[in-house]
>>> print(open('upload.cif').read())   # mmCIF, C-alpha atoms
data_query
#
loop_
_atom_site.label_atom_id
_atom_site.label_comp_id
_atom_site.auth_asym_id
_atom_site.auth_seq_id
_atom_site.Cartn_x
_atom_site.Cartn_y
_atom_site.Cartn_z
CA MET B 1 91.30 53.10 87.00
CA ALA B 2 93.44 56.21 87.43
CA LEU B 3 92.05 59.23 89.19
CA SER B 4 91.60 62.31 87.02
CA ALA B 5 92.49 65.92 87.74
CA THR B 6 89.83 68.17 89.26
CA PRO B 7 89.19 71.42 87.35
CA TYR B 8 88.73 74.70 89.23
CA LYS B 9 87.33 77.85 87.65
CA VAL B 10 89.32 80.84 88.87
CA ASP B 11 88.36 84.51 88.74
CA ILE B 12 90.91 86.89 90.31
CA ASN B 13 90.77 90.67 90.40
CA LEU B 14 94.47 91.49 90.86
CA THR B 15 95.71 94.86 92.09
CA ASP B 16 99.48 94.76 92.59
CA LEU B 17 100.35 98.21 93.89
CA ASP B 18 104.03 97.25 94.26
CA ARG B 19 104.46 96.59 90.53
CA GLY B 20 101.62 98.65 89.03
CA VAL B 21 99.72 95.60 87.75
CA TYR B 22 95.92 95.81 87.51
CA GLU B 23 94.31 92.77 85.86
CA THR B 24 91.16 90.69 85.85
CA LEU B 25 92.28 87.09 85.47
CA ARG B 26 89.96 84.26 84.43
CA PHE B 27 91.23 80.75 83.83
CA THR B 28 90.75 77.10 84.68
CA VAL B 29 93.38 75.28 86.71
CA ALA B 30 93.58 71.53 87.26
CA ARG B 31 94.27 70.03 90.66
CA HIS B 32 96.30 66.83 90.36
CA PRO B 33 94.73 63.87 92.25
CA SER B 34 97.67 63.79 94.68
CA GLU B 35 97.78 67.58 95.15
CA THR B 36 96.58 69.08 98.43
CA GLU B 37 94.40 72.20 98.65
CA GLU B 38 97.37 73.99 100.26
CA ARG B 39 99.63 73.22 97.32
CA MET B 40 97.07 74.36 94.79
CA THR B 41 96.44 77.53 96.80
CA THR B 42 100.20 78.12 96.88
CA ARG B 43 100.31 77.79 93.07
CA LEU B 44 97.56 80.41 92.80
CA LEU B 45 99.38 82.73 95.22
CA ALA B 46 102.59 82.30 93.19
CA TYR B 47 100.63 83.12 90.04
CA VAL B 48 99.41 86.45 91.41
CA LEU B 49 102.71 87.25 93.14
CA TRP B 50 104.74 86.94 89.93
CA TYR B 51 101.96 87.55 87.40
CA SER B 52 102.88 88.50 83.85
CA GLU B 53 100.95 88.06 80.62
CA SER B 54 103.15 85.16 79.52
CA LEU B 55 103.15 83.29 82.88
CA ALA B 56 101.63 79.82 82.51
CA PHE B 57 100.98 76.81 84.70
CA GLY B 58 103.32 73.88 84.10
CA ARG B 59 102.47 70.22 84.53
CA GLY B 60 104.28 70.23 87.89
CA LEU B 61 103.37 67.00 89.69
CA SER B 62 102.64 65.21 86.41
CA ASP B 63 106.03 66.00 84.84
CA VAL B 64 109.19 66.48 86.90
CA ASP B 65 110.81 68.36 84.02
CA GLU B 66 108.30 71.20 84.37
CA PRO B 67 107.72 73.67 87.19
CA ALA B 68 104.49 74.64 88.89
CA LEU B 69 104.54 77.84 86.78
CA TRP B 70 106.84 79.31 84.18
CA GLU B 71 107.34 82.16 81.81
CA LYS B 72 108.94 81.46 78.46
CA SER B 73 110.27 83.79 75.78
CA LEU B 74 109.02 83.61 72.22
CA ASP B 75 112.13 81.63 71.26
CA GLY B 76 111.45 79.02 73.98
CA ARG B 77 113.96 80.13 76.62
CA VAL B 78 112.72 79.80 80.20
CA LEU B 79 112.74 83.31 81.63
CA HIS B 80 111.17 82.50 85.00
CA TRP B 81 110.82 79.07 86.62
CA ILE B 82 108.52 78.99 89.66
CA GLU B 83 108.45 76.09 92.12
CA VAL B 84 106.17 75.60 95.12
CA GLY B 85 106.79 73.40 98.14
CA LEU B 86 110.03 72.28 99.75
CA PRO B 87 112.34 70.99 97.00
CA ASP B 88 115.76 69.56 97.82
CA VAL B 89 119.12 71.15 96.96
CA GLU B 90 119.51 69.06 93.81
CA ARG B 91 116.11 70.16 92.44
CA ILE B 92 116.78 73.86 93.07
CA THR B 93 120.23 73.62 91.48
CA TRP B 94 118.79 71.72 88.51
CA CYS B 95 116.10 74.41 88.04
CA SER B 96 118.63 77.25 88.31
CA ARG B 97 120.53 75.83 85.33
CA ARG B 98 117.42 75.80 83.14
CA ALA B 99 116.08 79.30 83.67
CA GLU B 100 117.23 82.88 83.86
CA ARG B 101 115.34 83.32 87.14
CA VAL B 102 114.04 80.77 89.64
CA SER B 103 111.49 81.64 92.32
CA LEU B 104 110.30 79.33 95.04
CA LEU B 105 107.23 79.80 97.20
CA ALA B 106 107.81 77.45 100.13
CA TYR B 107 105.10 76.20 102.48
CA GLY B 108 104.82 73.56 105.16
CA ARG B 109 107.69 73.00 107.59
CA VAL B 110 109.70 75.88 106.12
CA ASP B 111 111.73 76.37 109.33
CA ILE B 112 113.27 72.88 109.19
CA TRP B 113 113.72 72.92 105.41
CA GLU B 114 115.29 76.39 105.48
CA SER B 115 118.12 75.37 107.81
CA LYS B 116 118.96 72.28 105.73
CA VAL B 117 118.57 73.56 102.17
CA LEU B 118 119.06 77.34 101.93
CA PRO B 119 122.73 77.44 102.97
CA ASN B 120 123.48 75.07 100.08
CA VAL B 121 121.74 77.19 97.43
CA ALA B 122 122.57 80.69 98.71
CA SER B 123 125.37 81.04 96.15
CA LEU B 124 122.96 80.61 93.21
CA LYS B 125 122.48 84.19 91.99
CA ASN B 126 119.24 83.58 90.07
CA VAL B 127 117.30 81.90 92.91
CA HIS B 128 114.69 83.77 94.98
CA VAL B 129 112.91 82.09 97.90
CA ALA B 130 109.91 83.14 99.98
CA GLY B 131 108.15 81.19 102.70
CA LEU B 132 104.44 81.33 103.43
CA PRO B 133 103.11 81.40 107.00
CA GLN B 134 101.43 78.03 107.47
CA GLU B 135 98.44 79.20 109.51
CA ALA B 136 97.43 81.92 107.05
CA LEU B 137 97.84 79.53 104.09
CA ALA B 138 95.73 76.87 105.81
CA THR B 139 92.93 79.39 106.40
CA ILE B 140 92.80 80.43 102.74
CA ALA B 141 93.08 76.85 101.44
CA LYS B 142 90.45 75.35 103.75
CA ASP B 143 87.36 74.14 101.85
CA LEU B 144 88.54 75.69 98.58
CA PRO B 145 85.48 75.99 96.32
CA ARG B 146 85.49 74.68 92.74
CA ALA B 147 84.69 78.23 91.58
CA ILE B 148 87.35 80.45 93.14
CA ASN B 149 86.56 84.16 93.20
CA TRP B 150 89.28 86.31 94.77
CA ALA B 151 90.09 89.98 94.94
CA VAL B 152 93.83 90.24 95.61
CA MET B 153 95.68 93.42 96.48
CA ILE B 154 99.44 93.32 96.91
CA SER B 155 100.92 96.21 98.84
CA GLU B 156 104.35 96.50 100.45
CA GLY B 157 104.92 92.77 99.98
CA SER B 158 101.70 91.63 101.67
CA LEU B 159 98.82 89.93 99.88
CA PHE B 160 95.33 90.95 100.95
CA ILE B 161 92.83 88.38 99.69
CA THR B 162 89.08 88.75 99.79
CA ASP B 163 87.01 85.63 99.11
CA GLU B 164 83.59 84.27 100.07
CA ASN B 165 84.90 83.57 103.61
CA GLY B 166 86.10 87.13 104.28
CA GLN B 167 89.39 88.95 104.16
CA HIS B 168 92.81 87.38 104.68
CA GLU B 169 96.30 88.79 104.88
CA ILE B 170 99.34 86.72 104.00
CA THR B 171 102.87 88.10 104.01
CA PRO B 172 105.56 85.96 102.43
CA GLN B 173 108.84 85.97 104.33
CA TRP B 174 111.75 86.47 101.94
CA LEU B 175 114.43 83.95 102.79
CA LEU B 176 116.74 84.41 99.81
CA GLN B 177 116.82 87.64 97.78
CA ASP B 178 113.42 89.24 97.16
CA ARG B 179 110.54 89.35 94.72
#
>>> encode(input="upload.cif", output="structure tokens")
Amino acid sequence: MALSATPYKVDINLTDLDRGVYETLRFTVARHPSETEERMTTRLLAYVLWYSESLAFGRGLSDVDEPALWEKSLDGRVLHWIEVGLPDVERITWCSRRAERVSLLAYGRVDIWESKVLPNVASLKNVHVAGLPQEALATIAKDLPRAINWAVMISEGSLFITDENGQHEITPQWLLQDR
């Protein structure tokens, strides 16, 4: 018997001072059986970092032809393709050919990945890459409840997250272009 996805109810009060976005977001997100809490948390952080009304979660791990998140135009063009993790050069190049803009929120052993992959994709003009500090991500992702309730303020590139465990600050490091 195959394992099924685990649903999470998410309630985020988003205040993005950098872009002038003020939204209350309520949705359900599924965690794939093979997905870690850190990866799911990274998807949520990517969602608030690049939030727009038409941004949607893709099938990601279930379908290699879809990203973690994406924004499509009304005529079906992919305006913004968002990946999370540490994809290889071929994956980033493949994504850059399918979307007007590609953003990557990297986590894990970003230092090793960065030296091997980034020099090979630096010439792609539509690719933007940020790395998350592992310790801060691990703190936010630890014991993620099934009902996530966050207040997120983004100011000068830093995310300030308040949840049931307190307040957290996470500042993505821009490795290629910027937000």
>>> resolve_selection(input="upload.cif", expression="the PyMOL selection byres ((chain B and resi 138) around 10)", output="list of chain:residue names")
B:Glu37, B:Glu38, B:Thr41, B:Tyr107, B:Gly108, B:Pro133, B:Gln134, B:Glu135, B:Ala136, B:Leu137, B:Thr139, B:Ile140, B:Ala141, B:Lys142, B:Asp143
>>> atom_distance(input="upload.cif", atom1="CA of Ala151 (chain B)", atom2="CA of Ser54 (chain B)")
20.8 Å
>>> closest_residue(input="upload.cif", among="B:His80, B:Lys9, B:Arg43, B:Arg146", to="Leu132 (chain B)", atoms="all atoms listed in the file")
B:Arg43
>>> residues_around(input="upload.cif", residues="Arg26 (chain B)", least_positions_apart="6", cutoff="8 Å", atoms="all atoms listed in the file", output="list of chain:residue names")
B:Lys9, B:Val10, B:Asp11, B:Ile12
>>> resolve_selection(input="upload.cif", expression="the PyMOL selection byres ((chain B and resi 69-75) around 9)", output="PDB file with C-alpha atoms, in the frame of the given file")
ATOM      1  CA  ARG B  43     100.310  77.790  93.070  1.00  0.00           C
ATOM      2  CA  ALA B  46     102.590  82.300  93.190  1.00  0.00           C
ATOM      3  CA  TYR B  47     100.630  83.120  90.040  1.00  0.00           C
ATOM      4  CA  SER B  52     102.880  88.500  83.850  1.00  0.00           C
ATOM      5  CA  GLU B  53     100.950  88.060  80.620  1.00  0.00           C
ATOM      6  CA  SER B  54     103.150  85.160  79.520  1.00  0.00           C
ATOM      7  CA  LEU B  55     103.150  83.290  82.880  1.00  0.00           C
ATOM      8  CA  ALA B  56     101.630  79.820  82.510  1.00  0.00           C
ATOM      9  CA  PHE B  57     100.980  76.810  84.700  1.00  0.00           C
ATOM     10  CA  GLY B  58     103.320  73.880  84.100  1.00  0.00           C
ATOM     11  CA  ARG B  59     102.470  70.220  84.530  1.00  0.00           C
ATOM     12  CA  GLY B  60     104.280  70.230  87.890  1.00  0.00           C
ATOM     13  CA  GLU B  66     108.300  71.200  84.370  1.00  0.00           C
ATOM     14  CA  PRO B  67     107.720  73.670  87.190  1.00  0.00           C
ATOM     15  CA  ALA B  68     104.490  74.640  88.890  1.00  0.00           C
ATOM     16  CA  GLY B  76     111.450  79.020  73.980  1.00  0.00           C
ATOM     17  CA  ARG B  77     113.960  80.130  76.620  1.00  0.00           C
ATOM     18  CA  VAL B  78     112.720  79.800  80.200  1.00  0.00           C
ATOM     19  CA  LEU B  79     112.740  83.310  81.630  1.00  0.00           C
ATOM     20  CA  HIS B  80     111.170  82.500  85.000  1.00  0.00           C
ATOM     21  CA  TRP B  81     110.820  79.070  86.620  1.00  0.00           C
ATOM     22  CA  ILE B  82     108.520  78.990  89.660  1.00  0.00           C
ATOM     23  CA  GLU B  83     108.450  76.090  92.120  1.00  0.00           C
ATOM     24  CA  VAL B  84     106.170  75.600  95.120  1.00  0.00           C
TER      25      VAL B  84
END
>>> atom_distance(input="upload.cif", atom1="CA of Val29 (chain B)", atom2="CA of Tyr8 (chain B)")
5.3 Å
>>> resolve_selection(input="upload.cif", expression="the PyMOL selection byres ((chain B and resi 33) around 7)", output="ChimeraX atom specification")
/B:3-5,31-32,34-35
>>> residues_around(input="upload.cif", residues="Ile170 (chain B)", least_positions_apart="4", cutoff="7 Å", atoms="all atoms listed in the file", output="MDAnalysis selection string")
chainID B and resid 136 158:160
>>> atom_distance(input="upload.cif", atom1="CA of Leu118 (chain B)", atom2="CA of Arg179 (chain B)")
16.4 Å
>>> closest_residue(input="upload.cif", among="B:Gly166, B:Asp65, B:Gln173, B:Thr93", to="Asp111 (chain B)", atoms="all atoms listed in the file")
B:Gln173
>>> closest_residue(input="upload.cif", among="B:Ala99, B:Gly85, B:His168, B:Leu176", to="Thr42 (chain B)", atoms="all atoms listed in the file")
B:Gly85
>>> residues_near_point(input="upload.cif", point="(101.8, 96.6, 100.0)", cutoff="12 Å", atoms="only C-alpha atoms", output="PyMOL selection string")
chain B and resi 15-20+49+152-160+169-172
>>> closest_residue(input="upload.cif", among="B:Ser103, B:Thr36, B:Asn13, B:Thr24", to="Val129 (chain B)", atoms="all atoms listed in the file")
B:Ser103
>>> closest_residue(input="upload.cif", among="B:Leu45, B:Val64, B:Leu175, B:Leu86", to="Trp113 (chain B)", atoms="all atoms listed in the file")
B:Leu86
